[in-house]
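Okay, structure first, notes after.
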Amino acid sequence: MNRPPFGKSLSRRNLLSSLAAIPAVVLLAACSDSGEKPVAQDAEPAAPADPAKPATPAAPAAAKAPEAQGTVDMAALLKPGALPDAQLGKDDAKVTIVEYASMTCPHCAHFHETTLPELKTKYIDTGKARLILREFPFDPSAEAGFMLARCSKDNYFPMVDVLFKQQANWAGGGNVKDALLQISKMAGFTQESFEACLTDQKLLDDVRSVQKRGADEFKVDSTPTFFINGKTYKGALSIAEMSAIIDPLL
């Protein structure tokens, strides 16, 4: 698993110019393990199966909850940080999910595209759970993406959603700055507001502070990392895995 480079000296003056020079391979490597097990190269082919016999279709097996990889103090986790928490759902929900993510992490994008919509329908919109998203950027491009989402004010989650859906078009492209500008213009930014956002030194410092706190206090070292009612889970969880974790808590 990759760790982010803390103590970076990158300033607002060169953040914008740096976006065009970052190799795409660096951006997409900054993420957690996928959790998929490689197939052995020397594995023997499976023996032919016996002819199938008619049978009554079996009910699908319930997903097993993944094993937690640690615990944290929820009171400490939910203390205010450098930036106000961006949240989906109600404060009084029985289940609180805190996600640390990086905008250039493909596993984070996969979670937000495949799991979050069902999670929102099944648990968040029904008042059973809430999701708090916290910034954990591994590189200047991810920092820029989160800064633009923060500058979107009430449209934080829609902007995050667009950036994750378009991740291959901007994080994997040759000129990150121009690609982000085009996406931002569709979200209502002008050239001036785009550059003002990405040259906001306090906002950049605050995004980095959220990241550093996650690493120092809660031992986040890969993305996505989830804390669900105090238990730690790493990797892009499926809706079946999420349900297996959440249902016993309701």
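Just so we're on the same page: first chain in the structure tokens is A, next is B, and so on; residues restart at 1 for each chain, and ligands are numbered from 1 in the order they show up.
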Which neighbours of A:Ala187 fall inside 10 Å, counting only C-alpha atoms, when residues of the same chain fewer than 4 positions from it are skipped, and could you give them as a CSV table (one decimal) with all heavy atoms, in the first residue's frame?
chain,number,residue,atom,x,y,z
A,148,LEU,N,-11.4,22.0,-5.7
A,148,LEU,CA,-12.5,22.4,-6.5
A,148,LEU,C,-13.8,22.0,-6.0
A,148,LEU,O,-14.8,22.7,-6.1
A,148,LEU,CB,-12.3,21.8,-8.0
A,148,LEU,CG,-11.1,22.4,-8.7
A,148,LEU,CD1,-10.8,21.6,-10.0
A,148,LEU,CD2,-11.4,23.9,-9.1
A,149,ALA,N,-13.9,20.8,-5.4
A,149,ALA,CA,-15.1,20.3,-4.7
A,149,ALA,C,-15.5,21.2,-3.6
A,149,ALA,O,-16.6,21.6,-3.4
A,149,ALA,CB,-15.0,18.9,-4.3
A,152,SER,N,-16.9,24.4,-4.6
A,152,SER,CA,-18.3,24.2,-5.1
A,152,SER,C,-19.3,24.5,-4.1
A,152,SER,O,-20.6,24.4,-4.4
A,152,SER,CB,-18.4,22.9,-5.8
A,152,SER,OG,-17.6,22.7,-6.8
A,155,ASN,N,-22.4,22.2,-3.6
A,155,ASN,CA,-22.3,21.2,-4.7
A,155,ASN,C,-21.1,20.3,-4.5
A,155,ASN,O,-20.6,19.7,-5.5
A,155,ASN,CB,-22.3,21.9,-6.0
A,155,ASN,CG,-23.6,22.5,-6.4
A,155,ASN,OD1,-24.7,21.9,-6.1
A,155,ASN,ND2,-23.6,23.7,-7.0
A,158,PRO,N,-21.9,16.6,-5.6
A,158,PRO,CA,-22.0,16.5,-7.1
A,158,PRO,C,-20.7,16.7,-7.8
A,158,PRO,O,-20.4,16.0,-8.8
A,158,PRO,CB,-23.0,17.6,-7.4
A,158,PRO,CG,-23.9,17.8,-6.2
A,158,PRO,CD,-22.9,17.5,-5.1
A,159,MET,N,-19.9,17.6,-7.3
A,159,MET,CA,-18.6,17.8,-8.0
A,159,MET,C,-17.7,16.6,-7.8
A,159,MET,O,-17.0,16.2,-8.7
A,159,MET,CB,-17.9,19.1,-7.4
A,159,MET,CG,-16.6,19.5,-8.1
A,159,MET,SD,-17.0,20.0,-9.8
A,159,MET,CE,-15.3,20.5,-10.4
A,162,VAL,N,-18.8,13.9,-10.2
A,162,VAL,CA,-18.4,14.2,-11.6
A,162,VAL,C,-16.9,13.9,-11.7
A,162,VAL,O,-16.5,13.2,-12.7
A,162,VAL,CB,-18.7,15.7,-12.0
A,162,VAL,CG1,-18.0,16.0,-13.3
A,162,VAL,CG2,-20.2,15.9,-12.1
A,181,LEU,N,-10.0,22.1,-15.8
A,181,LEU,CA,-10.7,23.4,-16.1
A,181,LEU,C,-11.9,23.2,-17.0
A,181,LEU,O,-13.0,23.8,-16.7
A,181,LEU,CB,-9.7,24.3,-16.9
A,181,LEU,CG,-10.3,25.6,-17.4
A,181,LEU,CD1,-10.8,26.5,-16.3
A,181,LEU,CD2,-9.2,26.4,-18.2
A,182,GLN,N,-11.9,22.3,-17.9
A,182,GLN,CA,-13.0,22.0,-18.7
A,182,GLN,C,-14.2,21.4,-17.9
A,182,GLN,O,-15.3,21.7,-18.1
A,182,GLN,CB,-12.6,21.0,-19.9
A,182,GLN,CG,-11.7,21.6,-20.9
A,182,GLN,CD,-12.1,23.0,-21.4
A,182,GLN,OE1,-13.3,23.1,-21.9
A,182,GLN,NE2,-11.2,23.9,-21.4
A,183,ILE,N,-13.8,20.5,-17.0
A,183,ILE,CA,-14.9,19.9,-16.1
A,183,ILE,C,-15.4,21.0,-15.2
A,183,ILE,O,-16.7,21.0,-15.0
A,183,ILE,CB,-14.3,18.7,-15.3
A,183,ILE,CG1,-13.9,17.6,-16.2
A,183,ILE,CG2,-15.2,18.3,-14.2
A,183,ILE,CD1,-13.1,16.5,-15.5
Among stretch 112-225 of chain A, which ones does DSSP place in alpha helix (DSSP H), written as an NGL selection string?
:A and (116-119 or 140-151 or 156-165 or 167-170 or 176-186 or 191-198 or 201-218)
Write a file of the just-selected residues containing C-alpha atoms, as an mmCIF file, in the first residue's frame.
data_model
loop_
_atom_site.group_PDB
_atom_site.id
_atom_site.type_symbol
_atom_site.label_atom_id
_atom_site.label_comp_id
_atom_site.auth_asym_id
_atom_site.auth_seq_id
_atom_site.Cartn_x
_atom_site.Cartn_y
_atom_site.Cartn_z
ATOM 1 C CA LEU A 116 -22.524 4.542 -3.160
ATOM 2 C CA PRO A 117 -25.723 4.901 -5.240
ATOM 3 C CA GLU A 118 -27.208 1.746 -3.683
ATOM 4 C CA LEU A 119 -25.838 2.641 -0.257
ATOM 5 C CA PRO A 140 -1.259 17.514 -6.331
ATOM 6 C CA SER A 141 -3.952 16.432 -8.798
ATOM 7 C CA ALA A 142 -6.020 14.861 -6.026
ATOM 8 C CA GLU A 143 -5.480 17.986 -3.930
ATOM 9 C CA ALA A 144 -6.742 20.118 -6.814
ATOM 10 C CA GLY A 145 -9.820 17.927 -7.270
ATOM 11 C CA PHE A 146 -10.766 18.222 -3.613
ATOM 12 C CA MET A 147 -10.114 21.974 -3.604
ATOM 13 C CA LEU A 148 -12.477 22.411 -6.545
ATOM 14 C CA ALA A 149 -15.104 20.336 -4.745
ATOM 15 C CA ARG A 150 -14.728 22.524 -1.651
ATOM 16 C CA CYS A 151 -15.004 25.658 -3.774
ATOM 17 C CA TYR A 156 -19.431 19.371 -2.965
ATOM 18 C CA PHE A 157 -20.803 15.883 -3.526
ATOM 19 C CA PRO A 158 -22.026 16.524 -7.089
ATOM 20 C CA MET A 159 -18.553 17.831 -7.958
ATOM 21 C CA VAL A 160 -16.887 14.819 -6.312
ATOM 22 C CA ASP A 161 -19.266 12.569 -8.245
ATOM 23 C CA VAL A 162 -18.378 14.194 -11.573
ATOM 24 C CA LEU A 163 -14.648 14.068 -10.876
ATOM 25 C CA PHE A 164 -14.798 10.388 -9.983
ATOM 26 C CA LYS A 165 -16.879 9.568 -13.057
ATOM 27 C CA GLN A 167 -11.363 10.376 -13.468
ATOM 28 C CA ALA A 168 -9.890 8.611 -16.506
ATOM 29 C CA ASN A 169 -10.290 11.804 -18.543
ATOM 30 C CA TRP A 170 -8.424 14.122 -16.192
ATOM 31 C CA VAL A 176 -4.437 17.688 -15.745
ATOM 32 C CA LYS A 177 -4.926 21.430 -15.389
ATOM 33 C CA ASP A 178 -6.701 21.866 -18.732
ATOM 34 C CA ALA A 179 -8.825 18.760 -18.197
ATOM 35 C CA LEU A 180 -9.895 19.950 -14.744
ATOM 36 C CA LEU A 181 -10.667 23.397 -16.134
ATOM 37 C CA GLN A 182 -13.030 21.963 -18.740
ATOM 38 C CA ILE A 183 -14.863 19.893 -16.141
ATOM 39 C CA SER A 184 -15.009 22.867 -13.784
ATOM 40 C CA LYS A 185 -16.500 25.113 -16.444
ATOM 41 C CA MET A 186 -19.343 22.639 -16.886
ATOM 42 C CA GLN A 191 -11.280 30.703 -15.632
ATOM 43 C CA GLU A 192 -10.922 33.271 -12.842
ATOM 44 C CA SER A 193 -12.804 31.312 -10.155
ATOM 45 C CA PHE A 194 -10.981 28.122 -11.138
ATOM 46 C CA GLU A 195 -7.560 29.707 -10.687
ATOM 47 C CA ALA A 196 -8.653 31.552 -7.538
ATOM 48 C CA CYS A 197 -9.717 28.248 -6.007
ATOM 49 C CA LEU A 198 -6.480 26.456 -6.851
ATOM 50 C CA GLN A 201 -3.204 28.649 0.102
ATOM 51 C CA LYS A 202 -5.368 28.288 3.212
ATOM 52 C CA LEU A 203 -7.661 25.811 1.470
ATOM 53 C CA LEU A 204 -4.653 23.794 0.268
ATOM 54 C CA ASP A 205 -3.218 23.778 3.794
ATOM 55 C CA ASP A 206 -6.571 22.691 5.232
ATOM 56 C CA VAL A 207 -6.933 19.802 2.761
ATOM 57 C CA ARG A 208 -3.444 18.637 3.708
ATOM 58 C CA SER A 209 -4.320 18.999 7.392
ATOM 59 C CA VAL A 210 -7.318 16.674 6.978
ATOM 60 C CA GLN A 211 -5.040 14.141 5.301
ATOM 61 C CA LYS A 212 -2.317 14.398 7.932
ATOM 62 C CA ARG A 213 -4.789 14.032 10.773
ATOM 63 C CA GLY A 214 -6.215 10.894 9.152
ATOM 64 C CA ALA A 215 -2.743 9.374 8.939
ATOM 65 C CA ASP A 216 -1.441 10.496 12.336
ATOM 66 C CA GLU A 217 -4.516 9.941 14.503
ATOM 67 C CA PHE A 218 -6.404 7.161 12.733
#
Go ahead and compute the interatomic distance for atom CA of A:Lys219 and atom CA of A:Asp139, in Å to one decimal.
18.4 Å
Quick one: everything within 9 Å of A:Lys94, counting only C-alpha atoms, minus sequence neighbours fewer than 2 positions away in the same chain. Send it as a PDB file with N, CA and C atoms, in the first residue's frame.
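The result, written out as around09.pdb:
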ATOM      1  N   ASP A  91     -27.763  13.528  10.946  1.00  0.00           N
ATOM      2  CA  ASP A  91     -26.855  13.457  12.088  1.00  0.00           C
ATOM      3  C   ASP A  91     -27.217  12.343  13.056  1.00  0.00           C
ATOM      4  N   ASP A  92     -28.514  12.030  13.169  1.00  0.00           N
ATOM      5  CA  ASP A  92     -28.952  11.049  14.162  1.00  0.00           C
ATOM      6  C   ASP A  92     -29.038   9.626  13.612  1.00  0.00           C
ATOM      7  N   THR A  96     -22.704   5.499  11.333  1.00  0.00           N
ATOM      8  CA  THR A  96     -21.874   6.559  10.764  1.00  0.00           C
ATOM      9  C   THR A  96     -20.708   5.937  10.006  1.00  0.00           C
ATOM     10  N   GLY A 127     -32.459   7.300   6.319  1.00  0.00           N
ATOM     11  CA  GLY A 127     -32.127   7.773   7.661  1.00  0.00           C
ATOM     12  C   GLY A 127     -31.383   6.769   8.521  1.00  0.00           C
ATOM     13  N   LYS A 128     -31.005   5.629   7.956  1.00  0.00           N
ATOM     14  CA  LYS A 128     -30.336   4.584   8.742  1.00  0.00           C
ATOM     15  C   LYS A 128     -28.836   4.831   8.888  1.00  0.00           C
ATOM     16  N   ALA A 129     -28.242   5.486   7.901  1.00  0.00           N
ATOM     17  CA  ALA A 129     -26.788   5.699   7.923  1.00  0.00           C
ATOM     18  C   ALA A 129     -26.459   7.068   7.369  1.00  0.00           C
ATOM     19  N   ARG A 130     -25.291   7.540   7.724  1.00  0.00           N
ATOM     20  CA  ARG A 130     -24.760   8.776   7.129  1.00  0.00           C
ATOM     21  C   ARG A 130     -23.343   8.502   6.673  1.00  0.00           C
ATOM     22  N   ASN A 229     -18.994   2.931  12.414  1.00  0.00           N
ATOM     23  CA  ASN A 229     -19.256   2.866  13.861  1.00  0.00           C
ATOM     24  C   ASN A 229     -18.017   2.423  14.636  1.00  0.00           C
ATOM     25  N   LEU A 249     -26.025  -3.523  12.841  1.00  0.00           N
ATOM     26  CA  LEU A 249     -25.901  -2.312  13.669  1.00  0.00           C
ATOM     27  C   LEU A 249     -27.213  -1.553  13.795  1.00  0.00           C
ATOM     28  N   LEU A 250     -28.204  -1.932  13.007  1.00  0.00           N
ATOM     29  CA  LEU A 250     -29.473  -1.199  12.988  1.00  0.00           C
ATOM     30  C   LEU A 250     -30.439  -1.701  14.056  1.00  0.00           C
TER      31      LEU A 250
END
In Å, rounded to a single decimal, give me how far atom CA of A:Ile97 is from atom CA of A:Leu77.
10.7 Å
Tell me which protein, DNA and RNA residues are within 9 Å of A:Thr114, counting only C-alpha atoms, leaving out same-chain ones fewer than 5 positions away, and put them as an MDAnalysis selection string.
chainID A and resid 109 238:239
Neighbours of A:Leu237 within 10 Å (only C-alpha atoms; same-chain residues fewer than 5 positions away dropped), as a PyMOL selection string?
chain A and resi 34-35+65-66+107-108+110-111+114-116+224-226+242-243
Export, as a PDB file, in the first residue's frame, the selected residues with N, CA and C atoms.
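Saved result, again25.pdb, follows:
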ATOM      1  N   SER A  34      -6.418  -3.647  -4.470  1.00  0.00           N
ATOM      2  CA  SER A  34      -7.778  -3.930  -4.921  1.00  0.00           C
ATOM      3  C   SER A  34      -8.428  -5.052  -4.142  1.00  0.00           C
ATOM      4  N   GLY A  35      -7.609  -5.858  -3.485  1.00  0.00           N
ATOM      5  CA  GLY A  35      -8.153  -6.983  -2.752  1.00  0.00           C
ATOM      6  C   GLY A  35      -8.341  -8.215  -3.618  1.00  0.00           C
ATOM      7  N   ALA A  65     -19.785 -10.448   6.151  1.00  0.00           N
ATOM      8  CA  ALA A  65     -19.156  -9.162   6.462  1.00  0.00           C
ATOM      9  C   ALA A  65     -17.641  -9.326   6.476  1.00  0.00           C
ATOM     10  N   PRO A  66     -16.914  -8.434   5.822  1.00  0.00           N
ATOM     11  CA  PRO A  66     -15.448  -8.512   5.876  1.00  0.00           C
ATOM     12  C   PRO A  66     -14.965  -8.272   7.297  1.00  0.00           C
ATOM     13  N   HIS A 107      -9.857   2.863  -7.124  1.00  0.00           N
ATOM     14  CA  HIS A 107     -10.714   2.061  -6.255  1.00  0.00           C
ATOM     15  C   HIS A 107     -11.764   2.942  -5.567  1.00  0.00           C
ATOM     16  N   CYS A 108     -11.374   4.174  -5.246  1.00  0.00           N
ATOM     17  CA  CYS A 108     -12.341   5.125  -4.678  1.00  0.00           C
ATOM     18  C   CYS A 108     -13.411   5.459  -5.718  1.00  0.00           C
ATOM     19  N   HIS A 110     -14.369   3.587  -8.150  1.00  0.00           N
ATOM     20  CA  HIS A 110     -15.212   2.397  -8.311  1.00  0.00           C
ATOM     21  C   HIS A 110     -16.266   2.334  -7.216  1.00  0.00           C
ATOM     22  N   PHE A 111     -15.865   2.611  -5.976  1.00  0.00           N
ATOM     23  CA  PHE A 111     -16.823   2.604  -4.868  1.00  0.00           C
ATOM     24  C   PHE A 111     -17.911   3.651  -5.090  1.00  0.00           C
ATOM     25  N   THR A 114     -20.210   2.483  -8.098  1.00  0.00           N
ATOM     26  CA  THR A 114     -20.955   1.225  -8.035  1.00  0.00           C
ATOM     27  C   THR A 114     -21.662   0.976  -6.708  1.00  0.00           C
ATOM     28  N   THR A 115     -21.030   1.334  -5.599  1.00  0.00           N
ATOM     29  CA  THR A 115     -21.606   1.030  -4.284  1.00  0.00           C
ATOM     30  C   THR A 115     -22.407   2.184  -3.707  1.00  0.00           C
ATOM     31  N   LEU A 116     -21.883   3.401  -3.814  1.00  0.00           N
ATOM     32  CA  LEU A 116     -22.524   4.542  -3.160  1.00  0.00           C
ATOM     33  C   LEU A 116     -23.971   4.771  -3.592  1.00  0.00           C
ATOM     34  N   PRO A 224      -9.656   3.470  -0.697  1.00  0.00           N
ATOM     35  CA  PRO A 224     -10.456   4.080   0.366  1.00  0.00           C
ATOM     36  C   PRO A 224     -10.297   3.338   1.685  1.00  0.00           C
ATOM     37  N   THR A 225     -10.380   4.079   2.783  1.00  0.00           N
ATOM     38  CA  THR A 225     -10.456   3.501   4.124  1.00  0.00           C
ATOM     39  C   THR A 225     -11.762   3.964   4.743  1.00  0.00           C
ATOM     40  N   PHE A 226     -12.508   3.010   5.309  1.00  0.00           N
ATOM     41  CA  PHE A 226     -13.803   3.315   5.926  1.00  0.00           C
ATOM     42  C   PHE A 226     -13.748   3.039   7.425  1.00  0.00           C
ATOM     43  N   MET A 242     -21.140  -3.951   2.462  1.00  0.00           N
ATOM     44  CA  MET A 242     -21.631  -2.853   3.281  1.00  0.00           C
ATOM     45  C   MET A 242     -22.884  -3.269   4.061  1.00  0.00           C
ATOM     46  N   SER A 243     -23.797  -3.940   3.373  1.00  0.00           N
ATOM     47  CA  SER A 243     -25.036  -4.383   4.017  1.00  0.00           C
ATOM     48  C   SER A 243     -24.746  -5.366   5.138  1.00  0.00           C
TER      49      SER A 243
END
Point-to-point distance in Å for atom CA of A:Ala240 and atom CA of A:Met74
23.8 Å
Going by DSSP on the backbone, which bits of stretch 34-202 of chain A are strand (DSSP E)? Write them as a PyMOL selection string, please.
chain A and resi 86-88+95-101+129-135
